[in-house]
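Participant: Structure: coords-v7.txt, compact mmCIF, N, CA and C atoms.
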# COMPACT_ATOMS: atom_id res chain seq x y z
N MET A 77 33.47 40.46 8.94
CA MET A 77 34.12 39.37 9.64
C MET A 77 33.06 38.55 10.37
N GLU A 78 33.14 37.24 10.22
CA GLU A 78 32.18 36.35 10.89
C GLU A 78 32.60 36.12 12.33
N HIS A 79 31.61 36.03 13.20
CA HIS A 79 31.86 35.71 14.61
C HIS A 79 31.16 34.39 14.91
N ARG A 80 31.93 33.33 15.00
CA ARG A 80 31.37 32.01 15.27
C ARG A 80 31.77 31.57 16.66
N LEU A 81 30.86 30.83 17.31
CA LEU A 81 31.15 30.34 18.65
C LEU A 81 31.93 29.04 18.64
N SER A 82 31.96 28.36 17.50
CA SER A 82 32.77 27.14 17.40
C SER A 82 33.31 27.03 15.98
N LYS A 83 34.46 26.43 15.87
CA LYS A 83 35.17 26.34 14.59
C LYS A 83 34.46 25.39 13.63
N ARG A 84 34.41 25.79 12.36
CA ARG A 84 33.81 24.94 11.33
C ARG A 84 34.84 23.99 10.76
N VAL A 85 34.37 22.79 10.43
CA VAL A 85 35.19 21.78 9.77
C VAL A 85 34.56 21.53 8.41
N HIS A 86 35.36 21.64 7.36
CA HIS A 86 34.84 21.44 6.01
C HIS A 86 34.96 19.97 5.61
N GLY A 87 34.05 19.51 4.79
CA GLY A 87 34.07 18.14 4.31
C GLY A 87 32.84 17.85 3.48
N LYS A 88 32.69 16.62 3.12
CA LYS A 88 31.50 16.19 2.39
C LYS A 88 31.04 14.86 2.94
N LEU A 89 29.77 14.80 3.26
CA LEU A 89 29.18 13.57 3.75
C LEU A 89 27.70 13.57 3.38
N ARG A 90 27.28 12.49 2.77
CA ARG A 90 25.89 12.33 2.32
C ARG A 90 24.94 12.26 3.51
N LEU A 91 23.73 12.81 3.32
CA LEU A 91 22.71 12.67 4.35
C LEU A 91 21.32 12.72 3.74
N LEU A 92 20.35 12.32 4.55
CA LEU A 92 18.94 12.47 4.21
C LEU A 92 18.34 13.49 5.16
N VAL A 93 17.43 14.30 4.63
CA VAL A 93 16.70 15.28 5.44
C VAL A 93 15.30 14.74 5.66
N TYR A 94 14.87 14.70 6.92
CA TYR A 94 13.53 14.24 7.29
C TYR A 94 12.73 15.42 7.82
N LYS A 95 11.48 15.46 7.45
CA LYS A 95 10.56 16.46 7.97
C LYS A 95 9.33 15.72 8.45
N ARG A 96 8.97 15.93 9.71
CA ARG A 96 7.84 15.23 10.34
C ARG A 96 7.96 13.71 10.19
N GLY A 97 9.18 13.19 10.31
CA GLY A 97 9.41 11.76 10.29
C GLY A 97 9.51 11.12 8.91
N MET A 98 9.34 11.90 7.86
CA MET A 98 9.39 11.36 6.49
C MET A 98 10.62 11.91 5.76
N PRO A 99 11.34 11.04 5.01
CA PRO A 99 12.47 11.55 4.23
C PRO A 99 11.95 12.44 3.10
N VAL A 100 12.52 13.65 3.00
CA VAL A 100 12.03 14.61 2.01
C VAL A 100 13.12 15.09 1.05
N ALA A 101 14.39 14.85 1.39
CA ALA A 101 15.45 15.36 0.52
C ALA A 101 16.76 14.65 0.80
N THR A 102 17.64 14.73 -0.19
CA THR A 102 19.02 14.32 -0.01
C THR A 102 19.86 15.57 0.09
N GLY A 103 21.02 15.43 0.64
CA GLY A 103 21.92 16.56 0.74
C GLY A 103 23.32 16.09 1.06
N GLN A 104 24.19 17.05 1.24
CA GLN A 104 25.58 16.75 1.53
C GLN A 104 26.10 17.78 2.53
N ILE A 105 26.64 17.30 3.63
CA ILE A 105 27.23 18.20 4.61
C ILE A 105 28.46 18.83 3.96
N ARG A 106 28.53 20.15 3.99
CA ARG A 106 29.69 20.85 3.43
C ARG A 106 30.59 21.39 4.54
N ASP A 107 30.00 21.78 5.66
CA ASP A 107 30.80 22.13 6.82
C ASP A 107 29.96 21.91 8.07
N ALA A 108 30.68 21.72 9.18
CA ALA A 108 30.01 21.39 10.43
C ALA A 108 30.77 22.02 11.59
N SER A 109 30.03 22.25 12.66
CA SER A 109 30.63 22.67 13.92
C SER A 109 29.83 22.01 15.03
N LYS A 110 30.23 22.23 16.26
CA LYS A 110 29.48 21.68 17.39
C LYS A 110 28.07 22.26 17.47
N ARG A 111 27.87 23.41 16.84
CA ARG A 111 26.58 24.10 16.91
C ARG A 111 25.67 23.90 15.71
N GLY A 112 26.21 23.42 14.57
CA GLY A 112 25.35 23.27 13.41
C GLY A 112 26.09 22.83 12.16
N LEU A 113 25.35 22.86 11.03
CA LEU A 113 25.87 22.37 9.75
C LEU A 113 25.41 23.28 8.62
N PHE A 114 26.16 23.23 7.51
CA PHE A 114 25.63 23.73 6.25
C PHE A 114 25.45 22.52 5.35
N ILE A 115 24.25 22.38 4.79
CA ILE A 115 23.90 21.24 3.95
C ILE A 115 23.67 21.72 2.53
N ALA A 116 24.44 21.21 1.60
CA ALA A 116 24.23 21.51 0.19
C ALA A 116 23.05 20.66 -0.28
N THR A 117 21.99 21.33 -0.73
CA THR A 117 20.80 20.65 -1.20
C THR A 117 19.99 21.63 -2.03
N ASP A 118 19.15 21.12 -2.89
CA ASP A 118 18.26 22.01 -3.63
C ASP A 118 16.86 21.99 -3.02
N TYR A 119 16.71 21.37 -1.88
CA TYR A 119 15.42 21.29 -1.20
C TYR A 119 15.06 22.65 -0.59
N THR A 120 13.88 23.15 -0.89
CA THR A 120 13.48 24.47 -0.41
C THR A 120 12.15 24.47 0.36
N ASP A 121 11.46 23.34 0.42
CA ASP A 121 10.15 23.29 1.06
C ASP A 121 10.28 23.14 2.57
N VAL A 122 10.93 24.12 3.18
CA VAL A 122 11.15 24.13 4.61
C VAL A 122 11.16 25.59 5.06
N GLN A 123 10.69 25.83 6.27
CA GLN A 123 10.60 27.19 6.80
C GLN A 123 11.75 27.45 7.77
N LEU A 124 12.11 28.71 7.91
CA LEU A 124 13.09 29.08 8.93
C LEU A 124 12.54 28.71 10.30
N ASN A 125 13.41 28.24 11.17
CA ASN A 125 13.10 27.79 12.53
C ASN A 125 12.37 26.45 12.58
N GLN A 126 12.12 25.85 11.44
CA GLN A 126 11.48 24.52 11.42
C GLN A 126 12.50 23.47 11.85
N THR A 127 12.04 22.48 12.61
CA THR A 127 12.90 21.38 13.03
C THR A 127 12.93 20.32 11.95
N VAL A 128 14.13 19.86 11.62
CA VAL A 128 14.32 18.76 10.69
C VAL A 128 15.20 17.73 11.36
N GLU A 129 15.15 16.50 10.83
CA GLU A 129 16.06 15.46 11.28
C GLU A 129 17.01 15.16 10.14
N LEU A 130 18.25 14.86 10.49
CA LEU A 130 19.28 14.58 9.51
C LEU A 130 19.83 13.18 9.77
N GLU A 131 19.84 12.35 8.75
CA GLU A 131 20.32 10.98 8.90
C GLU A 131 21.54 10.79 8.01
N PHE A 132 22.59 10.21 8.59
CA PHE A 132 23.83 9.97 7.84
C PHE A 132 24.49 8.71 8.35
N ARG A 133 25.46 8.25 7.58
CA ARG A 133 26.25 7.07 7.93
C ARG A 133 27.68 7.34 7.51
N PHE A 134 28.63 6.91 8.33
CA PHE A 134 30.03 7.06 7.98
C PHE A 134 30.40 5.94 7.01
N PRO A 135 30.70 6.25 5.75
CA PRO A 135 30.86 5.21 4.73
C PRO A 135 32.07 4.30 4.91
N ASP A 136 33.09 4.73 5.62
CA ASP A 136 34.29 3.91 5.75
C ASP A 136 34.30 3.04 7.00
N LYS A 137 33.29 3.14 7.82
CA LYS A 137 33.25 2.36 9.06
C LYS A 137 32.58 1.01 8.83
N GLN A 138 32.94 0.03 9.65
CA GLN A 138 32.37 -1.30 9.54
C GLN A 138 30.89 -1.31 9.89
N GLU A 139 30.52 -0.46 10.83
CA GLU A 139 29.12 -0.41 11.25
C GLU A 139 28.26 0.14 10.12
N LYS A 140 27.10 -0.40 9.97
CA LYS A 140 26.17 0.06 8.94
C LYS A 140 25.05 0.92 9.53
N GLN A 141 25.16 1.19 10.82
CA GLN A 141 24.12 1.94 11.53
C GLN A 141 24.08 3.39 11.06
N CYS A 142 22.88 3.89 10.83
CA CYS A 142 22.69 5.29 10.50
C CYS A 142 22.60 6.10 11.78
N ARG A 143 23.05 7.32 11.72
CA ARG A 143 22.98 8.22 12.87
C ARG A 143 22.00 9.33 12.54
N ARG A 144 21.34 9.85 13.55
CA ARG A 144 20.37 10.94 13.36
C ARG A 144 20.63 12.09 14.30
N LEU A 145 20.43 13.28 13.77
CA LEU A 145 20.50 14.50 14.56
C LEU A 145 19.28 15.36 14.25
N LYS A 146 18.84 16.11 15.24
CA LYS A 146 17.77 17.09 15.03
C LYS A 146 18.41 18.47 14.95
N ALA A 147 17.79 19.34 14.15
CA ALA A 147 18.31 20.70 14.01
C ALA A 147 17.20 21.65 13.58
N HIS A 148 17.42 22.94 13.82
CA HIS A 148 16.51 23.98 13.36
C HIS A 148 17.12 24.63 12.12
N VAL A 149 16.28 24.90 11.14
CA VAL A 149 16.74 25.61 9.94
C VAL A 149 16.90 27.09 10.31
N VAL A 150 18.12 27.61 10.13
CA VAL A 150 18.38 29.00 10.47
C VAL A 150 18.74 29.85 9.24
N ARG A 151 18.98 29.16 8.11
CA ARG A 151 19.33 29.89 6.90
C ARG A 151 18.94 29.05 5.69
N LYS A 152 18.42 29.72 4.67
CA LYS A 152 18.11 29.08 3.40
C LYS A 152 18.76 29.89 2.29
N SER A 153 19.33 29.19 1.32
CA SER A 153 19.89 29.88 0.16
C SER A 153 19.73 28.97 -1.04
N ASP A 154 20.10 29.47 -2.21
CA ASP A 154 20.01 28.63 -3.40
C ASP A 154 21.06 27.52 -3.39
N LYS A 155 22.00 27.58 -2.46
CA LYS A 155 23.03 26.54 -2.34
C LYS A 155 22.71 25.51 -1.27
N GLY A 156 21.75 25.81 -0.38
CA GLY A 156 21.42 24.83 0.65
C GLY A 156 20.83 25.43 1.90
N LEU A 157 20.99 24.69 3.01
CA LEU A 157 20.39 25.03 4.29
C LEU A 157 21.44 25.14 5.38
N GLY A 158 21.31 26.15 6.22
CA GLY A 158 22.10 26.24 7.43
C GLY A 158 21.22 25.78 8.58
N VAL A 159 21.71 24.84 9.37
CA VAL A 159 20.92 24.32 10.49
C VAL A 159 21.72 24.44 11.79
N ASP A 160 20.98 24.59 12.88
CA ASP A 160 21.57 24.81 14.20
C ASP A 160 21.07 23.74 15.16
N PHE A 161 21.97 23.24 16.00
CA PHE A 161 21.61 22.21 16.97
C PHE A 161 21.07 22.79 18.27
N GLU A 162 21.19 24.10 18.46
CA GLU A 162 20.79 24.74 19.71
C GLU A 162 19.30 24.55 19.97
N GLY A 163 18.95 24.13 21.17
CA GLY A 163 17.55 24.02 21.56
C GLY A 163 16.87 22.72 21.18
N VAL A 164 17.62 21.76 20.64
CA VAL A 164 17.03 20.46 20.34
C VAL A 164 17.85 19.38 21.04
N GLU A 165 17.19 18.26 21.35
CA GLU A 165 17.85 17.14 22.03
C GLU A 165 18.70 16.37 21.02
N ASN A 166 19.99 16.30 21.27
CA ASN A 166 20.89 15.52 20.44
C ASN A 166 21.90 14.81 21.34
N ASP A 167 22.37 13.70 20.84
CA ASP A 167 23.43 12.96 21.50
C ASP A 167 24.75 13.67 21.19
N SER A 168 25.42 14.20 22.20
CA SER A 168 26.67 14.93 21.96
C SER A 168 27.74 14.02 21.35
N PHE A 169 27.67 12.72 21.62
CA PHE A 169 28.63 11.77 21.02
C PHE A 169 28.46 11.74 19.50
N THR A 170 27.23 11.78 19.01
CA THR A 170 26.98 11.76 17.57
C THR A 170 27.53 13.02 16.91
N VAL A 171 27.32 14.17 17.53
CA VAL A 171 27.85 15.42 16.99
C VAL A 171 29.38 15.36 16.98
N SER A 172 29.98 14.93 18.08
CA SER A 172 31.44 14.83 18.16
C SER A 172 31.99 13.84 17.14
N SER A 173 31.30 12.72 16.96
CA SER A 173 31.74 11.71 15.99
C SER A 173 31.72 12.28 14.57
N LEU A 174 30.70 13.05 14.26
CA LEU A 174 30.59 13.67 12.95
C LEU A 174 31.76 14.63 12.72
N ILE A 175 32.03 15.49 13.69
CA ILE A 175 33.14 16.46 13.56
C ILE A 175 34.46 15.72 13.40
N CYS A 176 34.70 14.69 14.20
CA CYS A 176 35.94 13.91 14.11
C CYS A 176 36.07 13.25 12.74
N TRP A 177 34.98 12.67 12.24
CA TRP A 177 35.02 12.00 10.93
C TRP A 177 35.37 13.01 9.84
N LEU A 178 34.75 14.19 9.87
CA LEU A 178 35.03 15.20 8.85
C LEU A 178 36.48 15.68 8.93
N LYS A 179 37.02 15.80 10.14
CA LYS A 179 38.43 16.20 10.29
C LYS A 179 39.37 15.16 9.70
N LYS A 180 39.02 13.89 9.85
CA LYS A 180 39.87 12.80 9.34
C LYS A 180 39.72 12.57 7.85
N HIS A 181 38.68 13.14 7.24
CA HIS A 181 38.40 12.95 5.82
C HIS A 181 38.25 14.30 5.14
N PRO A 182 39.34 15.09 5.09
CA PRO A 182 39.22 16.44 4.57
C PRO A 182 39.06 16.52 3.05
N MET A 183 39.42 15.49 2.35
CA MET A 183 39.30 15.51 0.90
C MET A 183 37.84 15.28 0.51
N PRO A 184 37.36 16.05 -0.47
CA PRO A 184 35.99 15.83 -0.93
C PRO A 184 35.82 14.42 -1.45
N MET A 185 34.69 13.84 -1.11
CA MET A 185 34.37 12.49 -1.57
C MET A 185 33.30 12.59 -2.63
N ASN A 186 33.53 12.01 -3.78
CA ASN A 186 32.60 12.13 -4.90
C ASN A 186 31.57 11.02 -4.96
N TYR A 187 31.43 10.27 -3.89
CA TYR A 187 30.48 9.16 -3.92
C TYR A 187 29.04 9.65 -3.81
N PHE A 188 28.83 10.92 -3.56
CA PHE A 188 27.47 11.40 -3.37
C PHE A 188 27.26 12.77 -3.99
N PRO A 189 26.98 12.82 -5.27
CA PRO A 189 26.66 14.12 -5.86
C PRO A 189 25.29 14.58 -5.40
N VAL A 190 25.11 15.88 -5.26
CA VAL A 190 23.80 16.42 -4.90
C VAL A 190 22.89 16.28 -6.10
N ARG A 191 21.76 15.67 -5.90
CA ARG A 191 20.81 15.44 -6.99
C ARG A 191 19.81 16.57 -7.04
N ARG A 192 19.45 16.97 -8.21
CA ARG A 192 18.46 18.02 -8.40
C ARG A 192 17.08 17.40 -8.41
N GLN A 193 16.13 18.10 -7.77
CA GLN A 193 14.76 17.61 -7.76
C GLN A 193 14.12 17.82 -9.12
N ALA A 194 13.30 16.87 -9.53
CA ALA A 194 12.56 17.01 -10.78
C ALA A 194 11.29 17.80 -10.48
N TYR A 195 10.97 18.72 -11.33
CA TYR A 195 9.79 19.54 -11.13
C TYR A 195 8.72 19.19 -12.12
Can the structure from this file be put into structure tokens for me?
Facilitator:
Amino acid sequence: MEHRLSKRVHGKLRLLVYKRGMPVATGQIRDASKRGLFIATDYTDVQLNQTVELEFRFPDKQEKQCRRLKAHVVRKSDKGLGVDFEGVENDSFTVSSLICWLKKHPMPMNYFPVRRQAY
């Protein structure tokens, strides 16, 4: 049985993963909570506890502004990355906005398939 400190919200939302200020991967948020996210991606060139930045935009909103969050990588798997917001500076409004958007858009959105990296 899992013990989580905050409830997860499932959904799909496209994002970019940045490492040291440079975009390094695409991904898709699969679930989120106030404490972190699971990102579906095939990107593996990242270490546990490494800080990454995540950039996303709400596709149905009039604003075209991208939002950014910082997170630590706490889990890696062949399906993606688990990241945690604990210990990094983030705007709580951005985290809350993300959770609210995912709650309002529970149906998977096919506008952003996860792309496989070419080797």
Participant: Excluding Lys95 of chain A and any residue of its chain fewer than 3 positions from it, enumerate the residues within 6.5 Å of it, using all atoms listed in the file, and give them as number ranges by chain.
Facilitator: A: 98-100, 127-129
Participant: Could you write out the selected residues, including N, CA and C atoms, as a PDB file, in the coordinates of the input?
Facilitator:
ATOM      1  N   MET A  98       9.340  11.900   7.860  1.00  0.00           N
ATOM      2  CA  MET A  98       9.390  11.360   6.490  1.00  0.00           C
ATOM      3  C   MET A  98      10.620  11.910   5.760  1.00  0.00           C
ATOM      4  N   PRO A  99      11.340  11.040   5.010  1.00  0.00           N
ATOM      5  CA  PRO A  99      12.470  11.550   4.230  1.00  0.00           C
ATOM      6  C   PRO A  99      11.950  12.440   3.100  1.00  0.00           C
ATOM      7  N   VAL A 100      12.520  13.650   3.000  1.00  0.00           N
ATOM      8  CA  VAL A 100      12.030  14.610   2.010  1.00  0.00           C
ATOM      9  C   VAL A 100      13.120  15.090   1.050  1.00  0.00           C
ATOM     10  N   THR A 127      12.040  22.480  12.610  1.00  0.00           N
ATOM     11  CA  THR A 127      12.900  21.380  13.030  1.00  0.00           C
ATOM     12  C   THR A 127      12.930  20.320  11.950  1.00  0.00           C
ATOM     13  N   VAL A 128      14.130  19.860  11.620  1.00  0.00           N
ATOM     14  CA  VAL A 128      14.320  18.760  10.690  1.00  0.00           C
ATOM     15  C   VAL A 128      15.200  17.730  11.360  1.00  0.00           C
ATOM     16  N   GLU A 129      15.150  16.500  10.830  1.00  0.00           N
ATOM     17  CA  GLU A 129      16.060  15.460  11.280  1.00  0.00           C
ATOM     18  C   GLU A 129      17.010  15.160  10.140  1.00  0.00           C
TER      19      GLU A 129
END
Participant: Draw an axis-aligned box over all listed atoms of segment 131-148 of chain A, pad each side with 5 Å, and write its centre and edge lengths in Å, one decimal, as lines of an AutoDock Vina configuration file.
Facilitator:
center_x = 25.4
center_y = 11.7
center_z = 10.0
size_x = 27.8
size_y = 35.9
size_z = 20.5
Participant: Write out as number ranges by chain the set of residues from chain A that DSSP, computed on the backbone, places in helix (DSSP H, G or I).
Facilitator: A: 168-180
Participant: Take the residues just selected and output them with N, CA and C atoms as a compact mmCIF listing (two decimals), in the frame of the given file.
Facilitator:
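Listed below is the output, out_2.txt:
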# COMPACT_ATOMS: atom_id res chain seq x y z
N SER A 168 25.42 14.20 22.20
CA SER A 168 26.67 14.93 21.96
C SER A 168 27.74 14.02 21.35
N PHE A 169 27.67 12.72 21.62
CA PHE A 169 28.63 11.77 21.02
C PHE A 169 28.46 11.74 19.50
N THR A 170 27.23 11.78 19.01
CA THR A 170 26.98 11.76 17.57
C THR A 170 27.53 13.02 16.91
N VAL A 171 27.32 14.17 17.53
CA VAL A 171 27.85 15.42 16.99
C VAL A 171 29.38 15.36 16.98
N SER A 172 29.98 14.93 18.08
CA SER A 172 31.44 14.83 18.16
C SER A 172 31.99 13.84 17.14
N SER A 173 31.30 12.72 16.96
CA SER A 173 31.74 11.71 15.99
C SER A 173 31.72 12.28 14.57
N LEU A 174 30.70 13.05 14.26
CA LEU A 174 30.59 13.67 12.95
C LEU A 174 31.76 14.63 12.72
N ILE A 175 32.03 15.49 13.69
CA ILE A 175 33.14 16.46 13.56
C ILE A 175 34.46 15.72 13.40
N CYS A 176 34.70 14.69 14.20
CA CYS A 176 35.94 13.91 14.11
C CYS A 176 36.07 13.25 12.74
N TRP A 177 34.98 12.67 12.24
CA TRP A 177 35.02 12.00 10.93
C TRP A 177 35.37 13.01 9.84
N LEU A 178 34.75 14.19 9.87
CA LEU A 178 35.03 15.20 8.85
C LEU A 178 36.48 15.68 8.93
N LYS A 179 37.02 15.80 10.14
CA LYS A 179 38.43 16.20 10.29
C LYS A 179 39.37 15.16 9.70
N LYS A 180 39.02 13.89 9.85
CA LYS A 180 39.87 12.80 9.34
C LYS A 180 39.72 12.57 7.85
Participant: If we count only N, CA and C atoms, what is near Glu131 of chain A at a cut-off of 6 Å, once residues fewer than 5 positions away on the same chain are taken out, given as a JSON list (two decimals) with N, CA and C atoms, keeping the file's coordinate frame?
Facilitator:
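Written out: part-v8.json:
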[["chain", "number", "residue", "atom", "x", "y", "z"],
["A", 90, "ARG", "N", 27.28, 12.49, 2.77],
["A", 90, "ARG", "CA", 25.89, 12.33, 2.32],
["A", 90, "ARG", "C", 24.94, 12.26, 3.51],
["A", 91, "LEU", "N", 23.73, 12.81, 3.32],
["A", 91, "LEU", "CA", 22.71, 12.67, 4.35],
["A", 91, "LEU", "C", 21.32, 12.72, 3.74],
["A", 92, "LEU", "N", 20.35, 12.32, 4.55],
["A", 92, "LEU", "CA", 18.94, 12.47, 4.21],
["A", 92, "LEU", "C", 18.34, 13.49, 5.16],
["A", 93, "VAL", "N", 17.43, 14.30, 4.63],
["A", 93, "VAL", "CA", 16.70, 15.28, 5.44],
["A", 93, "VAL", "C", 15.30, 14.74, 5.66],
["A", 94, "TYR", "N", 14.87, 14.70, 6.92],
["A", 94, "TYR", "CA", 13.53, 14.24, 7.29],
["A", 94, "TYR", "C", 12.73, 15.42, 7.82],
["A", 143, "ARG", "N", 23.05, 7.32, 11.72],
["A", 143, "ARG", "CA", 22.98, 8.22, 12.87],
["A", 143, "ARG", "C", 22.00, 9.33, 12.54],
["A", 144, "ARG", "N", 21.34, 9.85, 13.55],
["A", 144, "ARG", "CA", 20.37, 10.94, 13.36],
["A", 144, "ARG", "C", 20.63, 12.09, 14.30],
["A", 145, "LEU", "N", 20.43, 13.28, 13.77],
["A", 145, "LEU", "CA", 20.50, 14.50, 14.56],
["A", 145, "LEU", "C", 19.28, 15.36, 14.25]]
Participant: DSSP says strand (DSSP E or B) for which residues of segment 125-187 of chain A? Put them as a VMD selection string?
Facilitator: chain A and resid 127 to 132 143 to 153 156 to 160
Participant: Out of A:Leu113, A:Pro182, A:Trp177, A:Arg133, which residue has the shortest atom-to-atom distance to Val149 of chain A when counting only C-alpha atoms?
Facilitator: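 Ranking A:Leu113, A:Pro182, A:Trp177, A:Arg133 by distance to Val149 of chain A, first place goes to A:Leu113.
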Participant: So what do you get for atom N of Gly163 of chain A versus atom CA of Lys110 of chain A, distance-wise?
Facilitator: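 Separating atom N of Gly163 of chain A from atom CA of Lys110 of chain A is a distance of 11.5 Å.
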